[in-house]
Structures are given as C-alpha cells and as structure tokens.
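For reference, upload-v2.txt is printed below; it contains compact mmCIF, C-alpha atoms.
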```txt
# COMPACT_ATOMS: atom_id res chain seq x y z
CA MET A 1 2.64 -25.22 -13.35
CA PRO A 2 -0.33 -24.91 -10.95
CA SER A 3 -1.87 -21.50 -10.60
CA CYS A 4 -1.39 -19.70 -7.33
CA THR A 5 -3.92 -16.89 -7.36
CA PHE A 6 -5.63 -15.81 -4.15
CA TYR A 7 -7.28 -12.86 -2.52
CA TYR A 8 -6.56 -11.38 0.85
CA GLY A 9 -9.96 -12.22 2.33
CA ASP A 10 -13.18 -10.34 2.91
CA THR A 11 -11.78 -8.10 5.61
CA MET A 12 -8.51 -7.09 3.99
CA PRO A 13 -6.69 -4.89 3.34
CA ILE A 14 -7.66 -2.78 6.38
CA ARG A 15 -9.59 -4.72 9.04
CA GLU A 16 -13.25 -3.96 9.50
CA HIS A 17 -12.94 -2.95 13.16
CA LEU A 18 -10.64 -0.06 12.16
CA LEU A 19 -12.85 1.27 9.36
CA PRO A 20 -15.16 3.58 11.36
CA GLU A 21 -12.06 5.48 12.50
CA VAL A 22 -10.43 5.48 9.06
CA MET A 23 -13.54 6.40 7.08
CA PHE A 24 -15.45 8.67 9.50
CA ARG A 25 -12.47 10.34 11.07
CA LYS A 26 -14.55 13.17 12.56
CA PRO A 27 -18.03 12.10 13.73
CA VAL A 28 -19.47 15.43 12.63
CA ILE A 29 -22.08 16.42 10.04
CA LYS A 30 -22.60 20.01 8.95
CA ASN A 31 -25.72 21.43 7.39
CA VAL A 32 -24.65 23.63 4.48
CA ASP A 33 -25.96 26.42 2.32
CA ARG A 34 -24.09 25.75 -0.90
CA ASN A 35 -25.52 28.47 -3.12
CA GLY A 36 -25.47 31.26 -0.54
CA ASP A 37 -29.20 32.00 -0.65
CA GLY A 38 -29.58 31.68 3.11
CA LYS A 39 -31.32 28.30 2.94
CA ILE A 40 -29.82 24.96 3.92
CA ASP A 41 -29.43 22.78 0.79
CA GLY A 42 -28.14 19.63 2.42
CA TYR A 43 -25.56 18.18 4.72
CA GLN A 44 -21.91 17.29 4.43
CA PHE A 45 -19.41 15.04 6.20
CA GLN A 46 -15.85 13.85 5.69
CA LEU A 47 -14.89 10.45 4.34
CA GLY A 48 -11.36 9.03 4.56
CA ASN A 49 -10.06 6.70 1.88
CA PRO A 50 -10.27 3.15 3.30
CA TYR A 51 -8.07 1.56 0.61
CA TYR A 52 -4.50 0.64 1.52
CA THR A 53 -3.13 2.95 -1.17
CA ALA A 54 -4.36 5.86 -3.23
CA ASN A 55 -6.91 4.80 -5.82
CA PRO A 56 -8.75 6.61 -8.63
CA ILE A 57 -12.25 7.94 -8.02
CA SER A 58 -13.36 5.71 -10.92
CA SER A 59 -12.62 2.71 -8.73
CA ILE A 60 -15.58 3.55 -6.45
CA SER A 61 -18.00 1.00 -7.85
CA ASP A 62 -20.61 0.98 -5.08
CA PHE A 63 -21.57 3.71 -2.62
CA ILE A 64 -24.49 2.56 -0.50
CA LEU A 65 -25.21 5.25 2.08
CA ASP A 66 -27.80 4.94 4.77
CA VAL A 67 -28.63 7.68 7.28
CA ASP A 68 -30.90 6.86 10.23
CA GLY A 69 -32.01 3.69 8.49
CA GLU A 70 -32.98 5.47 5.30
CA ALA A 71 -31.19 4.78 2.02
CA VAL A 72 -29.77 7.89 0.31
CA PRO A 73 -30.17 7.80 -3.50
CA LEU A 74 -26.92 8.18 -5.43
CA GLU A 75 -28.48 11.08 -7.38
CA LYS A 76 -28.41 13.17 -4.19
CA ILE A 77 -24.70 12.64 -3.51
CA THR A 78 -21.72 14.76 -4.58
CA PHE A 79 -18.09 13.91 -3.83
CA ILE A 80 -15.91 16.98 -3.16
CA LEU A 81 -12.20 16.25 -3.46
CA ARG A 82 -9.64 19.07 -3.32
CA GLY A 83 -12.48 21.45 -4.19
CA GLN A 84 -13.54 19.45 -7.24
CA GLU A 85 -17.21 18.48 -7.24
CA ILE A 86 -17.94 15.05 -8.66
CA ASP A 87 -21.48 13.83 -9.19
CA ALA A 88 -21.50 10.40 -7.52
CA LYS A 89 -23.31 8.92 -10.52
CA LYS A 90 -20.46 10.02 -12.82
CA ALA A 91 -17.64 9.03 -10.45
CA TYR A 92 -16.93 5.85 -12.42
CA THR A 93 -15.57 8.00 -15.28
CA PHE A 94 -12.97 9.89 -13.16
CA TYR A 95 -9.97 7.63 -13.68
CA ASP A 96 -7.45 10.47 -13.53
CA VAL A 97 -8.54 11.93 -10.19
CA SER A 98 -6.76 10.16 -7.37
CA TRP A 99 -8.23 9.69 -3.89
CA GLY A 100 -4.93 9.86 -2.06
CA PHE A 101 -3.86 7.38 0.60
CA ALA A 102 -4.48 9.88 3.43
CA ASP A 103 -7.01 12.04 1.58
CA VAL A 104 -10.31 12.97 3.14
CA MET A 105 -13.11 13.85 0.77
CA GLU A 106 -16.28 15.75 1.58
CA ILE A 107 -19.55 13.98 0.92
CA PHE A 108 -22.44 16.34 0.20
CA VAL A 109 -25.99 15.04 0.36
CA GLU A 110 -28.72 17.20 -1.11
CA LYS A 111 -31.56 17.53 1.39
CA SER A 112 -33.57 20.69 1.72
CA GLY A 113 -33.35 21.95 5.32
CA GLY A 114 -30.53 19.48 6.14
CA LEU A 115 -30.61 17.19 9.15
CA ARG A 116 -31.97 18.07 12.61
CA LYS A 117 -29.46 18.85 15.36
CA GLY A 118 -28.27 15.88 17.38
CA ASN A 119 -27.02 12.38 16.69
CA HIS A 120 -27.53 10.44 13.47
CA GLU A 121 -26.56 6.92 12.52
CA VAL A 122 -24.51 6.89 9.33
CA SER A 123 -23.77 3.61 7.58
CA LEU A 124 -21.79 3.18 4.39
CA LEU A 125 -20.95 0.21 2.23
CA LEU A 126 -18.24 1.36 -0.14
CA LYS A 127 -16.78 -0.96 -2.73
CA MET A 128 -13.64 -0.13 -4.67
CA ARG A 129 -12.50 -1.92 -7.79
CA GLU A 130 -9.02 -3.36 -7.46
CA THR A 131 -6.78 -1.61 -9.97
CA ILE A 132 -4.26 -4.43 -9.98
CA HIS A 133 -5.34 -8.05 -9.83
CA TYR A 134 -5.73 -9.49 -6.34
CA GLY A 135 -8.57 -11.86 -7.12
CA TYR A 136 -11.36 -10.36 -4.99
CA PRO A 137 -14.86 -11.56 -5.95
CA ASP A 138 -16.05 -9.36 -8.86
CA GLY A 139 -12.72 -7.52 -8.59
CA LYS A 140 -14.21 -5.33 -5.84
CA VAL A 141 -12.91 -4.69 -2.32
CA PRO A 142 -15.73 -4.00 0.18
CA PHE A 143 -15.47 -1.53 3.06
CA GLN A 144 -18.34 -1.25 5.51
CA ALA A 145 -18.56 1.15 8.44
CA LYS A 146 -21.13 2.67 10.76
CA ARG A 147 -20.73 5.62 13.06
CA THR A 148 -22.88 7.89 15.15
CA MET A 149 -22.37 11.38 13.76
CA ASN A 150 -23.40 14.64 15.34
CA VAL A 151 -25.05 17.65 13.71
CA THR A 152 -24.16 20.82 15.56
CA VAL A 153 -25.11 23.55 13.08
CA MET B 1 30.45 0.33 0.83
CA GLY B 2 30.45 -2.05 3.77
CA SER B 3 30.44 -5.80 3.46
CA LYS B 4 27.23 -6.23 5.43
CA PRO B 5 23.68 -5.76 4.19
CA LYS B 6 22.33 -2.26 4.76
CA VAL B 7 19.29 -1.70 6.98
CA GLY B 8 16.42 0.32 5.58
CA VAL B 9 12.84 1.17 6.48
CA SER B 10 9.93 1.00 4.11
CA LEU B 11 7.68 3.97 4.82
CA TYR B 12 4.84 1.48 4.32
CA SER B 13 5.49 0.63 7.98
CA TYR B 14 4.09 4.02 9.08
CA GLY B 15 0.80 3.34 7.28
CA TRP B 16 -1.50 3.81 10.25
CA ASP B 17 -0.20 7.23 11.23
CA ILE B 18 0.05 8.47 7.65
CA LYS B 19 -3.46 7.21 6.89
CA LEU B 20 -4.97 9.09 9.81
CA GLY B 21 -3.03 12.26 9.10
CA LYS B 22 -0.94 11.91 12.27
CA MET B 23 2.40 11.79 10.44
CA THR B 24 3.53 13.33 7.17
CA VAL B 25 5.81 11.48 4.78
CA LYS B 26 8.64 13.84 5.72
CA GLU B 27 8.10 13.12 9.43
CA CYS B 28 8.43 9.41 8.64
CA VAL B 29 11.68 10.07 6.77
CA GLU B 30 12.94 12.08 9.75
CA HIS B 31 12.03 9.27 12.17
CA ALA B 32 13.74 6.64 10.04
CA GLY B 33 16.79 8.93 9.90
CA SER B 34 16.80 9.17 13.70
CA LEU B 35 17.20 5.36 13.89
CA GLY B 36 20.44 5.56 11.94
CA VAL B 37 19.28 3.40 9.03
CA GLU B 38 20.88 3.83 5.63
CA GLY B 39 17.81 4.08 3.44
CA ILE B 40 14.06 4.23 3.09
CA GLU B 41 11.72 2.62 0.61
CA LEU B 42 8.96 4.68 -0.97
CA ILE B 43 5.60 3.50 -2.30
CA ASP B 44 4.22 5.62 -5.13
CA LYS B 45 0.55 5.29 -4.14
CA GLN B 46 1.20 6.11 -0.50
CA HIS B 47 4.09 8.55 -0.30
CA ILE B 48 4.61 10.54 -3.48
CA PRO B 49 3.26 14.10 -3.43
CA HIS B 50 0.66 14.81 -6.12
CA TYR B 51 0.52 11.13 -7.08
CA PRO B 52 -0.07 10.02 -9.85
CA HIS B 53 1.38 13.17 -11.42
CA PRO B 54 4.21 14.37 -9.18
CA THR B 55 6.28 17.27 -10.42
CA ALA B 56 10.04 16.99 -10.88
CA TYR B 57 10.32 19.37 -7.93
CA ASP B 58 8.25 17.02 -5.70
CA LEU B 59 10.63 14.15 -6.42
CA LEU B 60 13.87 16.11 -6.13
CA ASP B 61 12.69 17.79 -2.93
CA LEU B 62 11.85 14.41 -1.37
CA ARG B 63 15.18 12.96 -2.49
CA ASP B 64 17.07 15.92 -1.02
CA TYR B 65 15.17 15.51 2.24
CA VAL B 66 16.01 11.79 2.45
CA GLU B 67 19.66 12.44 1.60
CA SER B 68 19.89 15.23 4.18
CA PHE B 69 19.73 12.46 6.83
CA GLY B 70 22.55 10.55 5.17
CA MET B 71 20.09 8.05 3.68
CA LYS B 72 19.24 6.92 0.15
CA VAL B 73 16.01 5.82 -1.47
CA ALA B 74 16.56 2.06 -1.23
CA CYS B 75 13.76 1.24 -3.62
CA TYR B 76 10.90 2.97 -5.40
CA SER B 77 7.97 0.55 -5.22
CA THR B 78 5.20 1.26 -7.67
CA TYR B 79 1.96 -0.38 -8.75
CA VAL B 80 1.18 -1.04 -12.37
CA ASP B 81 -2.54 -0.26 -12.35
CA GLU B 82 -4.32 -2.05 -15.13
CA TYR B 83 -7.90 -1.26 -14.16
CA MET B 84 -8.02 2.51 -13.67
CA ARG B 85 -10.78 2.97 -16.23
CA THR B 86 -14.15 1.37 -15.62
CA GLY B 87 -14.74 -1.39 -18.15
CA GLN B 88 -11.62 -0.62 -20.17
CA PRO B 89 -8.38 -2.22 -18.95
CA ALA B 90 -5.07 -0.59 -19.84
CA THR B 91 -3.47 -1.69 -23.11
CA PHE B 92 0.01 -3.21 -23.23
CA GLU B 93 1.35 0.10 -24.61
CA GLU B 94 -0.21 2.04 -21.73
CA ILE B 95 1.28 -0.36 -19.19
CA VAL B 96 4.73 0.06 -20.73
CA GLU B 97 4.30 3.84 -20.66
CA THR B 98 3.35 3.66 -16.97
CA VAL B 99 6.57 1.80 -16.17
CA LEU B 100 8.65 4.21 -18.27
CA ILE B 101 7.23 7.06 -16.17
CA ASP B 102 8.12 5.07 -13.03
CA ILE B 103 11.67 4.74 -14.38
CA ALA B 104 11.97 8.50 -14.82
CA GLU B 105 10.59 9.08 -11.31
CA ALA B 106 12.96 6.49 -9.83
CA HIS B 107 15.86 8.24 -11.55
CA LEU B 108 14.87 11.58 -10.06
CA LEU B 109 14.57 9.97 -6.62
CA GLY B 110 18.15 8.77 -6.99
CA THR B 111 17.43 5.11 -6.33
CA LYS B 112 18.91 2.03 -8.00
CA ASN B 113 15.84 -0.15 -7.51
CA LEU B 114 12.40 0.10 -9.06
CA ARG B 115 9.74 -2.47 -8.16
CA PRO B 116 6.68 -2.08 -10.37
CA ALA B 117 4.08 -4.48 -8.89
CA MET B 118 2.80 -6.79 -11.61
CA ALA B 119 1.74 -10.41 -11.20
CA GLN B 120 1.99 -9.79 -7.45
CA THR B 121 -0.50 -12.52 -6.56
CA ASP B 122 -0.81 -14.68 -9.64
CA GLU B 123 1.95 -16.76 -11.19
CA GLN B 124 -0.08 -17.10 -14.37
CA ARG B 125 0.54 -13.38 -14.99
CA LEU B 126 4.33 -13.77 -15.02
CA PRO B 127 4.56 -14.01 -18.84
CA ASP B 128 2.74 -10.63 -19.04
CA ALA B 129 5.22 -9.15 -16.56
CA ARG B 130 8.07 -10.52 -18.67
CA ARG B 131 6.78 -8.82 -21.83
CA VAL B 132 6.70 -5.50 -19.97
CA MET B 133 10.17 -6.07 -18.50
CA GLU B 134 11.61 -6.78 -21.92
CA ALA B 135 9.97 -3.66 -23.36
CA VAL B 136 11.48 -1.37 -20.70
CA LEU B 137 14.90 -3.05 -20.38
CA PRO B 138 16.73 -0.46 -22.52
CA SER B 139 15.42 2.32 -20.26
CA LEU B 140 16.32 0.40 -17.10
CA LYS B 141 19.87 0.05 -18.42
CA LYS B 142 20.05 3.67 -19.54
CA TYR B 143 19.19 4.89 -16.04
CA ASP B 144 21.14 2.14 -14.25
CA LEU B 145 18.07 0.70 -12.54
CA LYS B 146 17.27 -2.80 -11.40
CA TRP B 147 13.73 -4.23 -11.46
CA PRO B 148 13.71 -6.71 -8.56
CA ILE B 149 10.37 -8.53 -8.83
CA GLU B 150 8.90 -9.28 -5.43
CA ILE B 151 8.64 -12.80 -4.04
CA HIS B 152 5.51 -12.26 -1.98
CA ALA B 153 3.24 -15.04 -0.74
CA PRO B 154 1.45 -16.79 -2.37
CA LEU B 155 4.05 -16.58 -5.17
CA ARG B 156 6.65 -19.28 -4.64
CA PRO B 157 10.36 -18.46 -4.40
CA LYS B 158 11.36 -21.28 -6.73
CA VAL B 159 8.98 -20.11 -9.46
CA LEU B 160 10.28 -16.54 -9.29
CA LEU B 161 13.87 -17.69 -9.11
CA ASN B 162 13.44 -19.74 -12.28
CA PHE B 163 11.66 -16.79 -13.88
CA VAL B 164 14.60 -14.40 -13.41
CA LYS B 165 17.13 -17.09 -14.35
CA GLU B 166 15.30 -17.55 -17.64
CA ILE B 167 15.32 -13.82 -18.35
CA ASN B 168 19.02 -13.87 -17.55
CA ASP B 169 19.65 -10.13 -17.40
CA LYS B 170 21.45 -8.27 -14.61
CA ASN B 171 18.78 -5.55 -14.56
CA ILE B 172 16.05 -8.05 -13.63
CA GLY B 173 16.27 -9.62 -10.18
CA LEU B 174 14.40 -10.44 -7.00
CA THR B 175 13.02 -8.84 -3.85
CA PRO B 176 12.49 -11.67 -1.37
CA ASP B 177 9.63 -10.68 0.94
CA PHE B 178 9.57 -12.57 4.24
CA SER B 179 5.86 -13.36 3.73
CA ALA B 180 7.09 -16.20 1.52
CA TRP B 181 8.81 -17.68 4.59
CA GLN B 182 6.06 -16.82 7.04
CA ARG B 183 4.62 -19.65 9.13
CA SER B 184 1.20 -20.06 10.61
CA GLY B 185 -0.55 -22.55 12.83
CA GLY B 186 -1.69 -22.70 16.41
CA GLN B 187 1.74 -23.43 17.75
CA THR B 188 3.49 -20.23 16.70
CA LEU B 189 0.43 -18.05 17.10
CA ASN B 190 -0.69 -19.27 20.54
CA GLY B 191 -1.36 -16.44 22.89
CA LEU B 192 -1.27 -13.78 20.21
CA ASP B 193 -4.03 -11.56 18.98
CA LYS B 194 -6.62 -13.80 17.31
CA ASP B 195 -7.49 -11.22 14.65
CA VAL B 196 -3.87 -10.95 13.61
CA ALA B 197 -3.46 -14.72 13.59
CA GLU B 198 -6.44 -15.18 11.29
CA THR B 199 -5.34 -12.45 8.93
CA VAL B 200 -1.78 -13.64 8.74
CA SER B 201 -2.98 -17.05 7.62
CA GLY B 202 -3.94 -15.43 4.29
CA PHE B 203 -0.38 -14.29 3.68
CA ILE B 204 1.84 -17.14 4.64
CA GLY B 205 4.19 -18.77 2.18
CA ASN B 206 5.81 -21.31 4.52
CA SER B 207 8.75 -21.87 2.18
CA SER B 208 11.94 -23.62 3.17
CA VAL B 209 14.61 -21.19 4.40
CA GLU B 210 17.06 -22.90 2.04
CA LEU B 211 15.22 -21.28 -0.85
CA LEU B 212 16.21 -17.86 0.43
CA ARG B 213 19.87 -18.85 0.09
CA ASP B 214 19.25 -19.81 -3.54
CA CYS B 215 17.52 -16.48 -4.22
CA MET B 216 20.13 -14.19 -2.69
CA PRO B 217 22.59 -14.07 -5.64
CA TYR B 218 19.73 -12.66 -7.74
CA SER B 219 18.38 -10.25 -5.10
CA TYR B 220 18.66 -6.45 -5.12
CA ASN B 221 16.32 -5.66 -2.23
CA VAL B 222 14.77 -7.54 0.69
CA HIS B 223 11.44 -6.89 2.43
CA ALA B 224 11.72 -7.87 6.08
CA LYS B 225 7.97 -8.31 6.52
CA ALA B 226 6.32 -8.24 9.96
CA HIS B 227 2.74 -8.27 11.22
CA GLN B 228 3.29 -8.38 14.97
CA PHE B 229 5.95 -8.50 17.66
CA ASP B 230 5.97 -10.40 20.93
CA GLU B 231 7.29 -9.06 24.25
CA LYS B 232 10.86 -9.94 23.21
CA GLY B 233 10.56 -7.98 19.98
CA GLU B 234 10.44 -11.12 17.83
CA GLU B 235 8.02 -11.70 14.93
CA PRO B 236 6.52 -15.01 16.10
CA THR B 237 5.46 -16.16 12.64
CA ILE B 238 8.67 -15.31 10.77
CA PRO B 239 12.05 -16.94 11.51
CA TYR B 240 14.19 -13.76 11.52
CA GLY B 241 16.89 -15.67 13.41
CA GLU B 242 17.29 -17.98 10.42
CA LEU B 243 16.57 -15.63 7.52
CA ILE B 244 18.80 -12.67 8.42
CA PRO B 245 21.95 -14.80 8.93
CA ILE B 246 21.33 -16.48 5.54
CA ILE B 247 21.23 -13.04 3.90
CA LYS B 248 24.37 -11.96 5.75
CA LYS B 249 26.32 -15.09 4.82
CA SER B 250 25.34 -14.75 1.17
CA GLY B 251 27.57 -11.68 0.81
CA TYR B 252 24.59 -9.50 -0.10
CA THR B 253 25.30 -5.81 0.47
CA GLY B 254 21.97 -4.35 -0.61
CA PHE B 255 19.13 -3.19 1.63
CA ILE B 256 17.03 -5.18 4.07
CA CYS B 257 13.99 -2.96 4.46
CA ALA B 258 11.73 -3.27 7.50
CA GLU B 259 8.19 -3.57 6.18
CA PHE B 260 5.58 -3.65 8.95
CA GLU B 261 2.11 -4.50 7.74
CA GLY B 262 0.30 -5.03 11.03
CA TRP B 263 -1.13 -1.50 10.90
CA MET B 264 -3.94 -2.87 8.77
CA MET B 265 -4.99 -5.10 11.66
CA ASN B 266 -4.52 -3.03 14.80
CA ARG B 267 -3.93 0.53 15.92
CA VAL B 268 -0.22 1.03 16.41
CA ASP B 269 2.31 3.64 17.44
CA SER B 270 4.31 3.67 14.21
CA ARG B 271 7.45 5.19 15.70
CA LYS B 272 7.63 2.59 18.44
CA ILE B 273 6.88 -0.32 16.11
CA VAL B 274 9.45 0.73 13.49
CA LYS B 275 12.14 0.97 16.16
CA THR B 276 11.25 -2.52 17.44
CA HIS B 277 11.44 -3.81 13.87
CA VAL B 278 14.80 -2.22 13.08
CA ASP B 279 16.19 -3.56 16.39
CA LEU B 280 15.00 -7.05 15.40
CA ILE B 281 16.84 -6.93 12.06
CA ARG B 282 20.00 -5.58 13.69
CA ARG B 283 19.92 -8.25 16.39
CA TYR B 284 20.60 -10.97 13.82
CA LEU B 285 22.78 -8.99 11.42
```
Would you mind giving the structure from this file in structure tokens?
Amino acid sequence: MPSCTFYYGDTMPIREHLLPEVMFRKPVIKNVDRNGDGKIDGYQFQLGNPYYTANPISSISDFILDVDGEAVPLEKITFILRGQEIDAKKAYTFYDVSWGFADVMEIFVEKSGGLRKGNHEVSLLLKMRETIHYGYPDGKVPFQAKRTMNVTV
Amino acid sequence: MGSKPKVGVSLYSYGWDIKLGKMTVKECVEHAGSLGVEGIELIDKQHIPHYPHPTAYDLLDLRDYVESFGMKVACYSTYVDEYMRTGQPATFEEIVETVLIDIAEAHLLGTKNLRPAMAQTDEQRLPDARRVMEAVLPSLKKYDLKWPIEIHAPLRPKVLLNFVKEINDKNIGLTPDFSAWQRSGGQTLNGLDKDVAETVSGFIGNSSVELLRDCMPYSYNVHAKAHQFDEKGEEPTIPYGELIPIIKKSGYTGFICAEFEGWMMNRVDSRKIVKTHVDLIRRYL
C-alpha cells in the first residue's frame, strides 16, 4: 500500500497574512518595573498563540525576536502565562503547561531603562513542534509576523 | 429519533472569533442553538476549559449548557499528542492512558462519539492506531462510546473503510470528512479568492462520491467540511448536492456536523458563515 503522508504547506495552519493580528493582537509595548525599585527593568508585550489548537509551551522550539532590527538574545526573554514566569531558555521542558487556543501570553524582555517612547518594529519567527504527526520539515510549524508596536509609558 | 440525519455544528467553525477573543465557547454554543441544530461538536484543544486538565465540573457545566438549548454533544474530537515532551515521544502506555482519559471526558460530556486523532495524515500509522483502539475497546464498550476514525484527505476512503472492516467491531467506525471528496482545479476555483484556492489544493481528496455510499453503513459522524462559500451559499470545491443526498438515502441518522475551516485563510464573521453553512446542509437534506 503506498504511503500517503503530507504536510499542509509552509503557510498552514493559519495563513501568514493573518498572523500579525493573531500574534500581536494589541500593538502596544509597556516599559515595566518588575521588582518595584522604581527603575525600568525591561519591556513587555502580548503574544497570541498562532497554532490552530492549544499546544504545550515545550513545543516552542524556536523564538527569534528582533526589535528595531536588533536580535534579542533568548537569555533576556521570559514568557509569562497565567502569571507563571517561564525562562525562555527552559521553555522546552514545560510539556504540562498549555498555551491555550485563545491564550495571550506576556513576553518580558530584560532591558535596563526599557524602550524609548514611540514606534518600534517588532519581528518574530516562532516555530512550534507538531505534537501529532503532520509531516512538516523537522516536525516544526513556522509562524512569522512583524508589527509596528507603540511604547506609551 | 427521526429518520433523517441530524444537523450539527462543529465549534471548530468559530475558530477565528474564538482565537481573537471575540467569542467565548459558550457564546458559540448559544449561536449554534439559535440556528435550531441538534448538536455541536467539541474539540479538546480548542474548546475545553482548563485543557488539558479540565475538572469534572468544567465538563458537566459545558454539557448542561449545551443541553439547555435542546442539543447534544455530537462528538468529542480529541488529539492524541505524541510529541509533548522535547526529545522524548510518548510511550504506547502513555498514549493509551491519554485515550482512556478522553473516554472519561467524553462520558461526562454525554456524547456517544469520541474521535481521538491518530494517523490523521499518514496511512502508515494506521497499525499503531489499531493497537491503541484494541487496548481501549473494553472502555469504549463500558461507556457506550464509538470511535469513528476520520477519513480526512489525504487519507483515502477505501483504505479507511477496509481498516474498520478488518477490525470488525461495532465500537470502531468512520467519520467521513468532506475534504476526502473535495475537488480542486482552475475550473471550480475560477473567480474565487486565490489564497483560498492555493491553500485548498493541499487538502483535496478528490474521491469518487460512490465511496461515500460504501462508507455510510460504518459511519457514526460526518464532517461537512467547507473552506469558502460563493454568492449562492455553495461550497464551490465540494459537491454538497451529491454528498448530502447520498448520506440521506443511506438511512444514516447520526450527525452531519458543519465544519468550516476557512477561518485559517481569511477574516470571517463566524456567526454569518456558520448560518450559511447550516443552510447549505439543510438545502440538500
């Protein structure tokens, strides 16, 4: 019997032209003082789950963030999901924490003083491992989006 | 029970509005109820509160809500995730345990159909699915549940039909998904959104409609798939006018669930699109 495996294509499940809206639902970045010492420790924005279902945090295999043309090292990034803070470098171990279908997670980037007020270009290439077999190359589904985000505080 | 198939709505159809936080799962249930359909289909990884660890209360509360509109849960569609852990796929025992949990959840939701997605895109995985089916059969029987494996493109209806015939157990059956009968090509897609046309070409099964007739005696649920509608409310790539009458003539009395998947390709008004879809099914029923 011939095999009949396939994958949905580079732009599936959710089409690339919809991803800025799905991933960066609010084009807003906030500078934040996380430890309450009166100094800005970094900035934070919301990220919607681009997968077509819920998927575990461990399925985030690649998180390539670029702000104003500058790559952000993974060491500086924390995922905050339902108040739980997950070091982006350890995310691959969190198989029992689900990023829900409609869930928005906060992305915190450590940067002393934060970002200047005004517009910033945010670009993200996020890859998620398929948790059932669809046959994507390397078993990873890529999601790429760019959006102009505004810092108001 | 009537002699006609029942019309249902898969809440998958409301994907765009749920995804963007514009509709809650309960609002989707309420909308489906307002269309007078007899059931809704639930997807574990999209619609179940506190997934993957819902409480018994979550499930009973959702069931009560669905039933308050005179509807039933037509099918509980789950995914058997094998690659949750990085670098360490699930063992056979873990997969069986996952499906046993799905069985308990399906029972609490009050449905008769559980579709755990395994081998969804690869016929070579069917023997693995069979091992799992055989391991959970006693529990399926205990809770009076059917496992109707989905015939979704690129899986071929004939292969799945032979698969369930070989298993030869009333608790294992089929869910024909119209993607297996979907057609592509310039002729049917002329004048339609190019993006949609290109995407649909990855899904099409292009099977003979006769194969649906052969599958119906083994079917416990049907996915009336759609990606787009034209100005007349027809799905130009799927022959609803041929498929629905075949289902009706077969004597099938289970659910035909509207499953709109075009929300992954274009922004849509879910309420409007689900009504168009339900009207399309009813037109040929």
Exercise: range 207-209 of chain B partners within 9 Å, only C-alpha atoms, chain neighbours under 2 positions left out, as an NGL selection string: :B and (156-157 or 180-183 or 204-205 or 211-213 or 239 or 242-243 or 246)
Just to be explicit: take each residue in the selection above, keep C-alpha atoms, and write the result as a short mmCIF file (atom, residue, chain, number, x, y, z; two decimals), in the coordinates of the input.
```
data_model
loop_
_atom_site.label_atom_id
_atom_site.label_comp_id
_atom_site.auth_asym_id
_atom_site.auth_seq_id
_atom_site.Cartn_x
_atom_site.Cartn_y
_atom_site.Cartn_z
CA ARG B 156 6.65 -19.28 -4.64
CA PRO B 157 10.36 -18.46 -4.40
CA ALA B 180 7.09 -16.20 1.52
CA TRP B 181 8.81 -17.68 4.59
CA GLN B 182 6.06 -16.82 7.04
CA ARG B 183 4.62 -19.65 9.13
CA ILE B 204 1.84 -17.14 4.64
CA GLY B 205 4.19 -18.77 2.18
CA LEU B 211 15.22 -21.28 -0.85
CA LEU B 212 16.21 -17.86 0.43
CA ARG B 213 19.87 -18.85 0.09
CA PRO B 239 12.05 -16.94 11.51
CA GLU B 242 17.29 -17.98 10.42
CA LEU B 243 16.57 -15.63 7.52
CA ILE B 246 21.33 -16.48 5.54
#
```
Two-atom distance - CA of Ile149 in chain B, CA of Leu174 in chain B (Å):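 Here the two named atoms are 4.8 Å from each other.
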Atomic separation - CA of Ile244 in chain B relative to CA of Tyr284 in chain B, Å: 5.9 Å
Spatial neighbours of range 29-41 of chain A, 10 Å, only C-alpha atoms, chain gap at least 2 places, as a ChimeraX atom specification: /A:26-27,43-46,107-120,122,148-153
Shortest interatomic distance to Lys142 in chain B - which of B:Asp214, B:Ile103, B:Leu161, B:Lys275, counting only C-alpha atoms: B:Ile103
Of the listed residues A:Lys90, A:Asp62, A:Pro20, A:Pro73, that which approaches Asp138 in chain A most closely, counting only C-alpha atoms: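 Ranking A:Lys90, A:Asp62, A:Pro20, A:Pro73 by distance to Asp138 in chain A, first place goes to A:Asp62.
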Between CA of Leu47 in chain A and CA of Val274 in chain B, distance in Å (one decimal):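 Atom-to-atom, CA of Leu47 in chain A and CA of Val274 in chain B are spaced 27.8 Å apart.
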Selection: 10 Å around Leu124 in chain A, only C-alpha atoms, excl. self and same-chain fewer than 5 positions, as a ChimeraX atom specification: /A:20,23-24,62-67,71,143-147
Keeping only C-alpha atoms, write the selected residues as a compact mmCIF listing (two decimals), in the coordinates of the input.
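Contents of part_18.txt, freshly written:
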```txt
# COMPACT_ATOMS: atom_id res chain seq x y z
CA PRO A 20 -15.16 3.58 11.36
CA MET A 23 -13.54 6.40 7.08
CA PHE A 24 -15.45 8.67 9.50
CA ASP A 62 -20.61 0.98 -5.08
CA PHE A 63 -21.57 3.71 -2.62
CA ILE A 64 -24.49 2.56 -0.50
CA LEU A 65 -25.21 5.25 2.08
CA ASP A 66 -27.80 4.94 4.77
CA VAL A 67 -28.63 7.68 7.28
CA ALA A 71 -31.19 4.78 2.02
CA PHE A 143 -15.47 -1.53 3.06
CA GLN A 144 -18.34 -1.25 5.51
CA ALA A 145 -18.56 1.15 8.44
CA LYS A 146 -21.13 2.67 10.76
CA ARG A 147 -20.73 5.62 13.06
```
Test item: residues at most 12 Å from Gly110 in chain B, all atoms listed in the file, excluding those fewer than 5 positions along its chain, as a VMD selection string: chain B and resid 39 to 42 59 to 67 71 to 76 103 to 105 143 to 145
Nearest candidate to Asn168 in chain B (options B:Leu137, B:Ile256, B:Leu114, B:Leu285; using all atoms listed in the file):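 The closest residue to Asn168 in chain B is B:Leu137.
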Answer as an MDAnalysis selection string, residues within 12 Å of (10.7, -10.3, -20.5) using all atoms listed in the file: chainID B and resid 96 125:138 147 149 163:169 171:173
